[in-house]
file coords31.json (JSON, C-alpha atoms)
[["chain", "number", "residue", "atom", "x", "y", "z"],
["A", 13, "MET", "CA", -3.73, -14.21, 14.26],
["A", 14, "LEU", "CA", -2.41, -14.58, 10.70],
["A", 15, "ARG", "CA", 0.68, -16.76, 10.26],
["A", 16, "SER", "CA", 2.51, -17.31, 7.02],
["A", 17, "PRO", "CA", 4.86, -20.20, 6.24],
["A", 18, "CYS", "CA", 7.67, -17.68, 6.04],
["A", 19, "PRO", "CA", 8.77, -16.44, 9.49],
["A", 20, "LEU", "CA", 6.22, -13.63, 9.80],
["A", 21, "VAL", "CA", 3.08, -13.31, 11.88],
["A", 22, "VAL", "CA", 0.50, -10.60, 12.20],
["A", 23, "ALA", "CA", -1.00, -10.49, 15.66],
["A", 24, "GLN", "CA", -4.28, -8.74, 16.22],
["A", 25, "ARG", "CA", -5.32, -7.74, 19.71],
["A", 26, "ARG", "CA", -8.29, -5.97, 21.20],
["A", 27, "ALA", "CA", -9.16, -2.55, 19.87],
["A", 28, "LEU", "CA", -7.29, 0.24, 21.58],
["A", 29, "PRO", "CA", -9.17, 3.29, 22.92],
["A", 30, "GLY", "CA", -9.58, 5.83, 20.12],
["A", 31, "HIS", "CA", -8.64, 3.31, 17.40],
["A", 32, "PRO", "CA", -11.28, 2.13, 14.91],
["A", 33, "TRP", "CA", -10.05, -1.48, 14.83],
["A", 34, "PRO", "CA", -7.76, -3.83, 16.73],
["A", 35, "GLU", "CA", -4.06, -3.20, 16.97],
["A", 36, "VAL", "CA", -2.05, -4.97, 14.29],
["A", 37, "ARG", "CA", 1.43, -6.05, 15.25],
["A", 38, "PHE", "CA", 3.96, -7.68, 12.94],
["A", 39, "GLU", "CA", 6.30, -10.25, 14.46],
["A", 40, "ARG", "CA", 9.16, -12.36, 13.12],
["A", 41, "ARG", "CA", 10.23, -15.78, 14.35],
["A", 42, "TYR", "CA", 13.73, -16.09, 15.78],
["A", 43, "GLY", "CA", 14.22, -19.69, 16.87],
["A", 44, "ASP", "CA", 11.16, -20.50, 18.98],
["A", 45, "GLU", "CA", 10.28, -16.89, 19.83],
["A", 46, "TRP", "CA", 8.18, -14.30, 18.02],
["A", 47, "ILE", "CA", 9.77, -10.83, 18.21],
["A", 48, "PRO", "CA", 8.06, -7.55, 17.14],
["A", 49, "SER", "CA", 9.28, -6.52, 13.71],
["A", 50, "SER", "CA", 8.88, -3.85, 11.05],
["A", 51, "PRO", "CA", 8.98, -6.08, 7.96],
["A", 52, "ALA", "CA", 10.59, -4.91, 4.74],
["A", 53, "GLU", "CA", 8.73, -4.90, 1.42],
["A", 54, "ASP", "CA", 10.28, -8.18, 0.25],
["A", 55, "VAL", "CA", 9.26, -9.98, 3.46],
["A", 56, "LEU", "CA", 5.67, -8.77, 3.10],
["A", 57, "ALA", "CA", 5.61, -9.83, -0.55],
["A", 58, "SER", "CA", 6.82, -13.34, 0.39],
["A", 59, "ALA", "CA", 4.25, -13.60, 3.16],
["A", 60, "ALA", "CA", 1.44, -12.46, 0.87],
["A", 61, "GLN", "CA", 2.31, -15.10, -1.72],
["A", 62, "ALA", "CA", 2.30, -17.81, 0.95],
["A", 63, "LEU", "CA", -1.14, -16.89, 2.35],
["A", 64, "GLY", "CA", -4.35, -17.90, 0.62],
["A", 65, "PRO", "CA", -8.00, -16.99, 1.26],
["A", 66, "LEU", "CA", -8.38, -19.69, 3.91],
["A", 67, "ASN", "CA", -5.48, -18.19, 5.90],
["A", 68, "TRP", "CA", -6.95, -14.69, 5.68],
["A", 69, "ARG", "CA", -10.56, -15.53, 6.52],
["A", 70, "PRO", "CA", -10.27, -15.92, 10.35],
["A", 71, "PHE", "CA", -8.09, -12.81, 10.58],
["A", 72, "LEU", "CA", -10.42, -10.65, 8.50],
["A", 73, "GLU", "CA", -13.40, -11.52, 10.70],
["A", 74, "PHE", "CA", -11.98, -9.10, 13.28],
["A", 75, "VAL", "CA", -11.40, -6.30, 10.78],
["A", 76, "PRO", "CA", -14.14, -3.68, 10.21],
["A", 77, "ALA", "CA", -16.15, -4.06, 7.00],
["A", 78, "GLU", "CA", -14.57, -1.04, 5.26],
["A", 79, "ALA", "CA", -11.04, -2.32, 5.90],
["A", 80, "ARG", "CA", -12.07, -5.87, 4.91],
["A", 81, "SER", "CA", -13.50, -4.73, 1.56],
["A", 82, "PHE", "CA", -10.42, -2.58, 0.95],
["A", 83, "LEU", "CA", -8.03, -5.49, 1.64],
["A", 84, "ALA", "CA", -10.11, -7.85, -0.52],
["A", 85, "GLN", "CA", -9.10, -5.83, -3.62],
["A", 86, "PHE", "CA", -5.47, -6.90, -3.19],
["A", 87, "SER", "CA", -3.89, -10.25, -3.85],
["A", 88, "PHE", "CA", -0.10, -9.99, -4.18],
["A", 89, "ALA", "CA", 0.13, -6.83, -2.07],
["A", 90, "ARG", "CA", -2.47, -7.61, 0.60],
["A", 91, "MET", "CA", 0.08, -7.76, 3.44],
["A", 92, "GLU", "CA", 1.52, -4.42, 2.36],
["A", 93, "ALA", "CA", -1.97, -2.91, 2.17],
["A", 94, "LEU", "CA", -2.65, -4.24, 5.68],
["A", 95, "GLN", "CA", 0.52, -2.65, 6.98],
["A", 96, "VAL", "CA", -0.38, 0.70, 5.39],
["A", 97, "ILE", "CA", -3.88, 0.90, 6.89],
["A", 98, "ALA", "CA", -2.68, -0.47, 10.23],
["A", 99, "ARG", "CA", 0.07, 2.16, 10.49],
["A", 100, "CYS", "CA", -1.95, 4.99, 8.89],
["A", 101, "PRO", "CA", -5.64, 4.27, 9.63],
["A", 102, "ALA", "CA", -6.71, 7.83, 8.81],
["A", 103, "LEU", "CA", -5.65, 7.22, 5.19],
["A", 104, "LEU", "CA", -8.13, 4.36, 4.68],
["A", 105, "PRO", "CA", -10.97, 6.48, 3.16],
["A", 106, "GLU", "CA", -8.51, 8.12, 0.74],
["A", 107, "LEU", "CA", -6.94, 4.80, -0.22],
["A", 108, "ALA", "CA", -10.36, 3.20, -0.64],
["A", 109, "GLU", "CA", -11.05, 5.86, -3.32],
["A", 110, "THR", "CA", -7.60, 5.48, -4.90],
["A", 111, "PRO", "CA", -6.38, 1.92, -4.15],
["A", 112, "ALA", "CA", -3.34, 2.15, -6.47],
["A", 113, "LEU", "CA", -1.91, 4.87, -4.21],
["A", 114, "THR", "CA", -1.46, 2.17, -1.56],
["A", 115, "ALA", "CA", 1.49, 0.72, -3.50],
["A", 116, "PHE", "CA", 3.30, 4.07, -3.32],
["A", 117, "VAL", "CA", 2.66, 4.47, 0.41],
["A", 118, "ALA", "CA", 3.77, 0.88, 1.06],
["A", 119, "ALA", "CA", 6.99, 1.43, -0.91],
["A", 120, "HIS", "CA", 7.79, 4.84, 0.60],
["A", 121, "VAL", "CA", 11.11, 3.67, 2.07],
["A", 122, "SER", "CA", 12.58, 2.72, -1.31],
["A", 123, "LEU", "CA", 10.87, 5.56, -3.20],
["A", 124, "ARG", "CA", 12.20, 8.19, -0.82],
["A", 125, "GLY", "CA", 15.55, 6.46, -0.28],
["A", 126, "THR", "CA", 15.28, 6.49, 3.50],
["A", 127, "PRO", "CA", 16.82, 3.87, 5.81],
["A", 128, "THR", "CA", 13.72, 3.34, 7.95],
["A", 129, "PRO", "CA", 9.92, 3.54, 7.55],
["A", 130, "GLY", "CA", 8.27, 6.93, 8.09],
["A", 131, "TRP", "CA", 4.78, 5.96, 9.28],
["A", 132, "GLU", "CA", 4.58, 8.69, 11.91],
["A", 133, "GLU", "CA", 5.73, 11.25, 9.36],
["A", 134, "ILE", "CA", 3.05, 10.11, 6.88],
["A", 135, "ASN", "CA", 0.40, 10.48, 9.59],
["A", 136, "ALA", "CA", 1.68, 13.96, 10.48],
["A", 137, "VAL", "CA", 1.79, 15.05, 6.82],
["A", 138, "TYR", "CA", -1.74, 13.78, 6.25],
["A", 139, "GLU", "CA", -3.05, 15.47, 9.39],
["A", 140, "ARG", "CA", -1.43, 18.76, 8.40],
["A", 141, "SER", "CA", -1.86, 18.81, 4.60],
["A", 142, "GLY", "CA", -4.31, 16.08, 3.62],
["A", 143, "ILE", "CA", -3.91, 13.72, 0.69],
["A", 144, "PHE", "CA", -2.16, 16.32, -1.46],
["A", 145, "GLY", "CA", 0.52, 16.65, 1.20],
["A", 146, "VAL", "CA", 0.99, 12.87, 1.14],
["A", 147, "LEU", "CA", 1.29, 12.91, -2.68],
["A", 148, "GLU", "CA", 3.95, 15.60, -2.45],
["A", 149, "TRP", "CA", 5.78, 13.71, 0.33],
["A", 150, "LEU", "CA", 5.87, 10.64, -1.93],
["A", 151, "GLY", "CA", 7.33, 12.67, -4.81],
["A", 152, "LEU", "CA", 4.13, 12.59, -6.85],
["A", 153, "PRO", "CA", 2.47, 15.67, -8.34],
["A", 154, "ALA", "CA", 0.05, 16.99, -5.72],
["A", 155, "SER", "CA", -2.90, 17.37, -8.07],
["A", 156, "ARG", "CA", -6.39, 16.08, -8.80],
["A", 157, "GLN", "CA", -5.01, 14.81, -12.13],
["A", 158, "THR", "CA", -2.64, 12.47, -10.28],
["A", 159, "LEU", "CA", -5.48, 11.07, -8.18],
["A", 160, "ALA", "CA", -7.72, 10.68, -11.25],
["A", 161, "ILE", "CA", -5.04, 8.72, -13.12],
["A", 162, "LEU", "CA", -4.28, 6.51, -10.10],
["A", 163, "ARG", "CA", -8.02, 5.82, -9.68],
["A", 164, "ASN", "CA", -8.14, 4.53, -13.26],
["A", 165, "ILE", "CA", -5.48, 1.87, -12.63],
["A", 166, "GLU", "CA", -7.43, -1.38, -12.81],
["A", 167, "GLU", "CA", -5.39, -3.49, -10.40],
["A", 168, "PRO", "CA", -4.40, -1.98, -7.05],
["A", 169, "ASP", "CA", -1.50, -4.50, -6.91],
["A", 170, "VAL", "CA", 0.72, -2.15, -8.94],
["A", 171, "PRO", "CA", 3.97, -4.02, -9.66],
["A", 172, "LYS", "CA", 6.89, -2.47, -7.80],
["A", 173, "ARG", "CA", 8.90, -2.16, -11.00],
["A", 174, "PHE", "CA", 6.31, 0.34, -12.28],
["A", 175, "LEU", "CA", 6.27, 2.67, -9.27],
["A", 176, "GLU", "CA", 9.37, 4.76, -9.99],
["A", 177, "PRO", "CA", 8.70, 5.03, -13.76],
["A", 178, "LEU", "CA", 5.05, 5.87, -13.11],
["A", 179, "ARG", "CA", 6.04, 8.53, -10.61],
["A", 180, "THR", "CA", 8.36, 10.06, -13.23],
["A", 181, "MET", "CA", 5.68, 9.82, -15.94],
["A", 182, "LEU", "CA", 3.16, 11.68, -13.81],
["A", 183, "TRP", "CA", 5.40, 14.75, -14.04],
["A", 184, "GLU", "CA", 5.37, 14.66, -17.86],
["A", 185, "PRO", "CA", 2.48, 16.68, -19.39],
["A", 186, "ARG", "CA", 2.30, 14.50, -22.54],
["A", 187, "THR", "CA", 2.10, 11.32, -20.50],
["A", 188, "ILE", "CA", -0.50, 12.81, -18.17],
["A", 189, "PHE", "CA", -2.64, 13.69, -21.18],
["A", 190, "ALA", "CA", -2.26, 10.16, -22.62],
["A", 191, "LEU", "CA", -3.05, 8.44, -19.30],
["A", 192, "GLN", "CA", -6.04, 10.70, -18.62],
["A", 193, "ARG", "CA", -7.66, 9.54, -21.86],
["A", 194, "LEU", "CA", -7.60, 5.89, -20.74],
["A", 195, "PRO", "CA", -10.80, 4.97, -18.86],
["A", 196, "ALA", "CA", -9.06, 1.95, -17.30],
["A", 197, "ILE", "CA", -5.29, 1.55, -17.09],
["A", 198, "THR", "CA", -4.08, -2.04, -17.24],
["A", 199, "ASP", "CA", -0.67, -3.44, -16.28],
["A", 200, "ARG", "CA", 0.03, -3.91, -19.99],
["A", 201, "GLN", "CA", -0.63, -0.24, -20.70],
["A", 202, "LEU", "CA", 1.53, 0.77, -17.74],
["A", 203, "ALA", "CA", 4.32, -1.45, -19.03],
["A", 204, "ARG", "CA", 4.07, 0.11, -22.50],
["A", 205, "HIS", "CA", 4.32, 3.64, -21.09],
["A", 206, "CYS", "CA", 7.18, 2.64, -18.77],
["A", 207, "HIS", "CA", 9.12, 1.11, -21.67],
["A", 208, "ALA", "CA", 8.50, 4.22, -23.77],
["A", 209, "LEU", "CA", 9.91, 6.34, -20.93],
["A", 210, "ALA", "CA", 13.01, 4.14, -20.68],
["A", 211, "ALA", "CA", 13.66, 4.28, -24.46]]
call {"tool": "encode", "arguments": {"input": "coords31.json", "output": "structure tokens"}}
result
Amino acid sequence: MLRSPCPLVVAQRRALPGHPWPEVRFERRYGDEWIPSSPAEDVLASAAQALGPLNWRPFLEFVPAEARSFLAQFSFARMEALQVIARCPALLPELAETPALTAFVAAHVSLRGTPTPGWEEINAVYERSGIFGVLEWLGLPASRQTLAILRNIEEPDVPKRFLEPLRTMLWEPRTIFALQRLPAITDRQLARHCHALAA
């Protein structure tokens, strides 16, 4: 069990039949009780900041090695990454190849402007159309170029303020050409391109 100082807990139970790792359930404290919850992005961000490596270690012991190594790449967005692979476990191999895509999947509610999370829809889209279907569903260009650029982003903890501008930039041929030439895309380079888009 992973508890943060903010009123959020992640409970892990025994593996369910047909699932590769134990069920992950998010709960929120109301008074003295823990109630199942679907935490918003800001709650997950607060929880992630409050949890250090010592808090994560006992929890990660029950997570398969591939999920553990994937989650280890994240610092500020580790709780969001956990929610993504817990809700959409089939996406883990794709996200392991393109970790920066995790930020878009985690922020799908705000990016798509929907009132509630669409985890089941993401799973259905992926099952039907693969990773390119998920890119399209997120409003990103469904292309190998998009995946190549996202793979070159150095830090998978893509700041939320960059997601919408980056999504817009990936539709611009000139920007795509400029980003493709960068072997490693830093937050500073993303910020520069985002500011250029806004100007």
call {"tool": "residues_around", "arguments": {"input": "coords31.json", "residues": "His120 in chain A", "least_positions_apart": "6", "cutoff": "8 Å", "atoms": "all atoms listed in the file", "output": "list in words"}}
result
Pro129, Gly130 and Leu150 of chain A
call {"tool": "write_last_selection", "arguments": {"input": "coords31.json", "atoms": "C-alpha atoms", "output": "mmCIF file, in the frame of the given file"}}
result
data_model
loop_
_atom_site.group_PDB
_atom_site.id
_atom_site.type_symbol
_atom_site.label_atom_id
_atom_site.label_comp_id
_atom_site.auth_asym_id
_atom_site.auth_seq_id
_atom_site.Cartn_x
_atom_site.Cartn_y
_atom_site.Cartn_z
ATOM 1 C CA PRO A 129 9.920 3.540 7.550
ATOM 2 C CA GLY A 130 8.270 6.930 8.090
ATOM 3 C CA LEU A 150 5.870 10.640 -1.930
#
call {"tool": "closest_residue", "arguments": {"input": "coords31.json", "among": "A:Leu72, A:Ala196, A:Leu147, A:Leu162", "to": "Glu109 in chain A", "atoms": "only C-alpha atoms"}}
result
A:Leu162
call {"tool": "closest_residue", "arguments": {"input": "coords31.json", "among": "A:Ile143, A:Ala160, A:Leu56, A:Ala115", "to": "Leu194 in chain A", "atoms": "all atoms listed in the file"}}
result
A:Ala160
call {"tool": "closest_residue", "arguments": {"input": "coords31.json", "among": "A:Asp169, A:Pro153, A:Glu106, A:Arg163", "to": "Glu92 in chain A", "atoms": "only C-alpha atoms"}}
result
A:Asp169
call {"tool": "closest_residue", "arguments": {"input": "coords31.json", "among": "A:Pro70, A:Pro48, A:Gly142, A:Pro127", "to": "Pro105 in chain A", "atoms": "all atoms listed in the file"}}
result
A:Gly142
call {"tool": "closest_residue", "arguments": {"input": "coords31.json", "among": "A:Glu184, A:Leu123, A:Ala112, A:Val117", "to": "Leu159 in chain A", "atoms": "only C-alpha atoms"}}
result
A:Ala112
call {"tool": "closest_residue", "arguments": {"input": "coords31.json", "among": "A:Ala118, A:Thr110, A:Arg204, A:Pro185", "to": "Asn164 in chain A", "atoms": "only C-alpha atoms"}}
result
A:Thr110
call {"tool": "atom_distance", "arguments": {"input": "coords31.json", "atom1": "CA of Met91 in chain A", "atom2": "CA of Pro195 in chain A"}}
result
27.9 Å
call {"tool": "atom_distance", "arguments": {"input": "coords31.json", "atom1": "CA of His207 in chain A", "atom2": "CA of Gly151 in chain A"}}
result
20.5 Å
call {"tool": "axis_aligned_box", "arguments": {"input": "coords31.json", "around": "range 182-193 of chain A", "padding_each_side": "8 Å", "output": "lines of an AutoDock Vina configuration file"}}
result
center_x = -1.1
center_y = 12.6
center_z = -18.2
size_x = 29.1
size_y = 24.2
size_z = 24.8
call {"tool": "atom_distance", "arguments": {"input": "coords31.json", "atom1": "CA of Arg193 in chain A", "atom2": "CA of Pro177 in chain A"}}
result
18.8 Å
call {"tool": "residues_around", "arguments": {"input": "coords31.json", "residues": "Thr180 in chain A", "least_positions_apart": "4", "cutoff": "10 Å", "atoms": "only C-alpha atoms", "output": "JSON, numbers by chain"}}
result
{"A": [151, 152, 153, 174, 175, 176, 184, 187, 206, 209]}
